[in-house]
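Shown next, in structure tokens, is the structure this report addresses.
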Amino acid sequence: MAWNNDPEIRHLREYSKLFDAPVVVVFAIKRDGGKFSVSSYGETQQLCQVASDIGDQIHRLVTNGTIAPNIACPGCHGCGQVANTDEGEPWTVWEGLPEDAKAGVYLGVVKPVPCPECGGKK
Ligand SMILES: [Zn+2]
């Protein structure tokens with residue numbers, strides 16, 4: 001079996017050793033608008049194939065919509081906008097405030113801006 005020195009696989013190999021797990025499959029959701037990846041590692045060639053098959057199944061289930069993770073952007077929690085404050089909290093935080101706590105919004109000081117993490121894509 002060829003030694004795979006890809007950084008992602010190196011981490012899966014370390015996880016495998018640390019947690020005594022000869023098969024590791026990781027499903028990851030990226031920050032850039034909900035793209036995902038599936039990585040797999042198996043301790044032996046046979047287990048590598050088992051891990052790869054599981055990863056392929058997961059990939060297929062997500063691609064065909066059988067598994068539809070509710071991928072909310074961590075920056076805006078999926079609303080596409082953040083406040084123009086130093087913290088840049090999701091705009092839904094401001095929308096959820098009681099009316100008497102929205103003075104900054106009514107004065108036009110606090111405004112929604114497109115989420116820098118996802119670019120405003122929901
Ligand atoms: Zn966002």
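FYI, nothing fancy with the structure tokens labels: chains A, B, ... in order, residues from 1 per chain, ligands from 1 as they appear.
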Once you count only C-alpha atoms and all ligand atoms, what closest atom pair and distance in Å to one decimal does each residue of chain A within 10 Å of ligand 1 have, with rows by chain and rising residue number, as CSV?
residue,atom,partner,partner_atom_place_in_ligand_line,distance
A:Arg31,CA,ligand 1,1 (Zn),8.5
A:Asp32,CA,ligand 1,1 (Zn),8.8
A:Gly33,CA,ligand 1,1 (Zn),7.6
A:Gly34,CA,ligand 1,1 (Zn),9.7
A:Ala72,CA,ligand 1,1 (Zn),7.5
A:Cys73,CA,ligand 1,1 (Zn),4.5
A:Pro74,CA,ligand 1,1 (Zn),6.4
A:Gly75,CA,ligand 1,1 (Zn),4.7
A:Cys76,CA,ligand 1,1 (Zn),4.1
A:His77,CA,ligand 1,1 (Zn),6.3
A:Gly78,CA,ligand 1,1 (Zn),5.6
A:Cys79,CA,ligand 1,1 (Zn),6.7
A:Gly80,CA,ligand 1,1 (Zn),4.7
A:Gln81,CA,ligand 1,1 (Zn),6.4
A:Val82,CA,ligand 1,1 (Zn),7.6
A:Pro90,CA,ligand 1,1 (Zn),8.0
A:Pro114,CA,ligand 1,1 (Zn),7.7
A:Cys115,CA,ligand 1,1 (Zn),4.5
A:Pro116,CA,ligand 1,1 (Zn),6.5
A:Glu117,CA,ligand 1,1 (Zn),5.0
A:Cys118,CA,ligand 1,1 (Zn),4.1
A:Gly119,CA,ligand 1,1 (Zn),6.3
A:Gly120,CA,ligand 1,1 (Zn),5.6
A:Lys121,CA,ligand 1,1 (Zn),6.7
A:Lys122,CA,ligand 1,1 (Zn),6.8
### Task
Do a neighbour search on Asp53 in chain A at 12 Å with only C-alpha atoms, toss out local chain neighbours closer than 5 positions, and write the hits as a list in words.
Val23, Val24, Val25, Val38, Ser39, Ser40, Tyr41, Gly42, Gln46, Leu47, Cys48, Ile58, His59 and Arg60 of chain A
### Task
Tell me which of A:Ala51, A:Ile29, A:Leu18, A:Val110 sits closest to Asp86 in chain A, counting only C-alpha atoms.
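Of all the options, A:Val110 lies closest to Asp86 in chain A.
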### Message
Based on the backbone DSSP call, show me all residues of chain A assigned strand (DSSP E), as a list in words.
### Response
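Selecting the strand (DSSP E) positions of chain A gives Val23, Val24, Val25, Val26, Phe27, Ala28, Ile29, Phe36, Ser37, Val38, Ser39, Ser40, Tyr41, Gly42, Gln81, Val82, Ala83, Pro112, Val113 and Pro114 of chain A.
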Let me see the file: selected residues, N, CA and C atoms, as a PDB file, in the first residue's frame.
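result16.pdb, written as the output of this step:
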ATOM      1  N   VAL A  23     -10.279   2.149  11.600  1.00  0.00           N
ATOM      2  CA  VAL A  23     -10.992   2.751  10.473  1.00  0.00           C
ATOM      3  C   VAL A  23     -11.485   4.124  10.917  1.00  0.00           C
ATOM      4  N   VAL A  24     -11.132   5.149  10.137  1.00  0.00           N
ATOM      5  CA  VAL A  24     -11.558   6.513  10.453  1.00  0.00           C
ATOM      6  C   VAL A  24     -12.147   7.140   9.193  1.00  0.00           C
ATOM      7  N   VAL A  25     -13.343   7.686   9.329  1.00  0.00           N
ATOM      8  CA  VAL A  25     -13.988   8.398   8.225  1.00  0.00           C
ATOM      9  C   VAL A  25     -14.445   9.741   8.775  1.00  0.00           C
ATOM     10  N   VAL A  26     -14.044  10.806   8.106  1.00  0.00           N
ATOM     11  CA  VAL A  26     -14.402  12.152   8.563  1.00  0.00           C
ATOM     12  C   VAL A  26     -15.225  12.853   7.497  1.00  0.00           C
ATOM     13  N   PHE A  27     -16.365  13.352   7.929  1.00  0.00           N
ATOM     14  CA  PHE A  27     -17.221  14.183   7.079  1.00  0.00           C
ATOM     15  C   PHE A  27     -17.021  15.612   7.566  1.00  0.00           C
ATOM     16  N   ALA A  28     -16.569  16.493   6.691  1.00  0.00           N
ATOM     17  CA  ALA A  28     -16.271  17.863   7.093  1.00  0.00           C
ATOM     18  C   ALA A  28     -17.062  18.845   6.244  1.00  0.00           C
ATOM     19  N   ILE A  29     -17.612  19.839   6.906  1.00  0.00           N
ATOM     20  CA  ILE A  29     -18.311  20.913   6.213  1.00  0.00           C
ATOM     21  C   ILE A  29     -17.395  22.127   6.231  1.00  0.00           C
ATOM     22  N   PHE A  36     -18.583  20.364   1.277  1.00  0.00           N
ATOM     23  CA  PHE A  36     -18.198  19.342   2.231  1.00  0.00           C
ATOM     24  C   PHE A  36     -17.153  18.423   1.623  1.00  0.00           C
ATOM     25  N   SER A  37     -16.506  17.684   2.507  1.00  0.00           N
ATOM     26  CA  SER A  37     -15.551  16.695   2.041  1.00  0.00           C
ATOM     27  C   SER A  37     -15.660  15.463   2.930  1.00  0.00           C
ATOM     28  N   VAL A  38     -15.276  14.341   2.384  1.00  0.00           N
ATOM     29  CA  VAL A  38     -15.236  13.097   3.139  1.00  0.00           C
ATOM     30  C   VAL A  38     -13.823  12.541   2.981  1.00  0.00           C
ATOM     31  N   SER A  39     -13.183  12.268   4.100  1.00  0.00           N
ATOM     32  CA  SER A  39     -11.840  11.697   4.085  1.00  0.00           C
ATOM     33  C   SER A  39     -11.873  10.383   4.856  1.00  0.00           C
ATOM     34  N   SER A  40     -11.043   9.468   4.427  1.00  0.00           N
ATOM     35  CA  SER A  40     -11.051   8.173   5.116  1.00  0.00           C
ATOM     36  C   SER A  40      -9.645   7.628   5.263  1.00  0.00           C
ATOM     37  N   TYR A  41      -9.498   6.802   6.290  1.00  0.00           N
ATOM     38  CA  TYR A  41      -8.220   6.151   6.559  1.00  0.00           C
ATOM     39  C   TYR A  41      -8.492   4.760   7.111  1.00  0.00           C
ATOM     40  N   GLY A  42      -7.729   3.793   6.644  1.00  0.00           N
ATOM     41  CA  GLY A  42      -7.776   2.443   7.199  1.00  0.00           C
ATOM     42  C   GLY A  42      -6.369   1.977   7.482  1.00  0.00           C
ATOM     43  N   GLN A  81     -26.457  37.587   6.927  1.00  0.00           N
ATOM     44  CA  GLN A  81     -26.057  38.932   7.323  1.00  0.00           C
ATOM     45  C   GLN A  81     -25.520  38.928   8.748  1.00  0.00           C
ATOM     46  N   VAL A  82     -24.597  39.861   8.984  1.00  0.00           N
ATOM     47  CA  VAL A  82     -24.090  40.075  10.339  1.00  0.00           C
ATOM     48  C   VAL A  82     -24.226  41.565  10.639  1.00  0.00           C
ATOM     49  N   ALA A  83     -24.137  41.909  11.921  1.00  0.00           N
ATOM     50  CA  ALA A  83     -24.189  43.322  12.308  1.00  0.00           C
ATOM     51  C   ALA A  83     -22.848  43.970  11.996  1.00  0.00           C
ATOM     52  N   PRO A 112     -27.250  45.780   9.154  1.00  0.00           N
ATOM     53  CA  PRO A 112     -26.841  44.466   8.641  1.00  0.00           C
ATOM     54  C   PRO A 112     -25.906  44.629   7.447  1.00  0.00           C
ATOM     55  N   VAL A 113     -24.887  43.799   7.408  1.00  0.00           N
ATOM     56  CA  VAL A 113     -23.971  43.771   6.264  1.00  0.00           C
ATOM     57  C   VAL A 113     -23.831  42.304   5.838  1.00  0.00           C
ATOM     58  N   PRO A 114     -23.466  42.066   4.571  1.00  0.00           N
ATOM     59  CA  PRO A 114     -23.306  40.674   4.143  1.00  0.00           C
ATOM     60  C   PRO A 114     -22.283  39.940   5.019  1.00  0.00           C
TER      61      PRO A 114
END
### Query
Among chain A, which ones does DSSP place in alpha helix (DSSP H), written as a ChimeraX atom specification?
/A:7-18,45-63,91-95,103-106
Restrict the selected residues to C-alpha atoms and save them as an mmCIF file, in the first residue's frame.
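What follows is the written file out.cif:
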data_model
loop_
_atom_site.group_PDB
_atom_site.id
_atom_site.type_symbol
_atom_site.label_atom_id
_atom_site.label_comp_id
_atom_site.auth_asym_id
_atom_site.auth_seq_id
_atom_site.Cartn_x
_atom_site.Cartn_y
_atom_site.Cartn_z
ATOM 1 C CA PRO A 7 -1.912 16.329 5.607
ATOM 2 C CA GLU A 8 -5.562 15.305 5.929
ATOM 3 C CA ILE A 9 -4.659 11.613 5.873
ATOM 4 C CA ARG A 10 -1.784 12.185 8.306
ATOM 5 C CA HIS A 11 -4.295 13.596 10.795
ATOM 6 C CA LEU A 12 -6.670 10.679 10.287
ATOM 7 C CA ARG A 13 -3.731 8.287 10.859
ATOM 8 C CA GLU A 14 -2.892 10.100 14.104
ATOM 9 C CA TYR A 15 -6.550 9.945 15.164
ATOM 10 C CA SER A 16 -6.554 6.250 14.395
ATOM 11 C CA LYS A 17 -3.583 5.675 16.672
ATOM 12 C CA LEU A 18 -4.760 7.987 19.456
ATOM 13 C CA GLN A 45 -5.092 -2.059 2.748
ATOM 14 C CA GLN A 46 -8.279 -3.997 3.450
ATOM 15 C CA LEU A 47 -9.426 -1.566 6.137
ATOM 16 C CA CYS A 48 -8.488 1.335 3.882
ATOM 17 C CA GLN A 49 -10.927 -0.065 1.330
ATOM 18 C CA VAL A 50 -13.604 -0.449 4.026
ATOM 19 C CA ALA A 51 -13.079 3.179 5.084
ATOM 20 C CA SER A 52 -13.109 4.335 1.478
ATOM 21 C CA ASP A 53 -16.392 2.487 0.814
ATOM 22 C CA ILE A 54 -18.002 4.089 3.872
ATOM 23 C CA GLY A 55 -16.745 7.488 2.752
ATOM 24 C CA ASP A 56 -18.147 6.918 -0.748
ATOM 25 C CA GLN A 57 -21.523 5.979 0.728
ATOM 26 C CA ILE A 58 -21.589 9.104 2.885
ATOM 27 C CA HIS A 59 -20.609 11.246 -0.104
ATOM 28 C CA ARG A 60 -23.363 9.674 -2.198
ATOM 29 C CA LEU A 61 -25.993 10.104 0.546
ATOM 30 C CA VAL A 62 -25.193 13.801 0.897
ATOM 31 C CA THR A 63 -24.923 14.392 -2.851
ATOM 32 C CA TRP A 91 -28.142 39.809 12.308
ATOM 33 C CA THR A 92 -30.780 37.522 13.780
ATOM 34 C CA VAL A 93 -29.387 38.425 17.208
ATOM 35 C CA TRP A 94 -30.412 42.038 16.628
ATOM 36 C CA GLU A 95 -33.735 41.060 15.090
ATOM 37 C CA ALA A 103 -32.034 51.952 19.565
ATOM 38 C CA GLY A 104 -28.799 51.440 17.625
ATOM 39 C CA VAL A 105 -30.774 49.922 14.772
ATOM 40 C CA TYR A 106 -33.408 52.685 14.752
#
### Task
Figure out the distance between CA of Ala68 in chain A and CA of Phe19 in chain A, please, to one decimal in Å.
28.2 Å
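Here CA of Glu89 in chain A and CA of Lys102 in chain A stand 14.2 Å from one another.
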### Summary
One decimal place gives the CA of Trp3 in chain A-CA of Pro22 in chain A separation as 15.7 Å
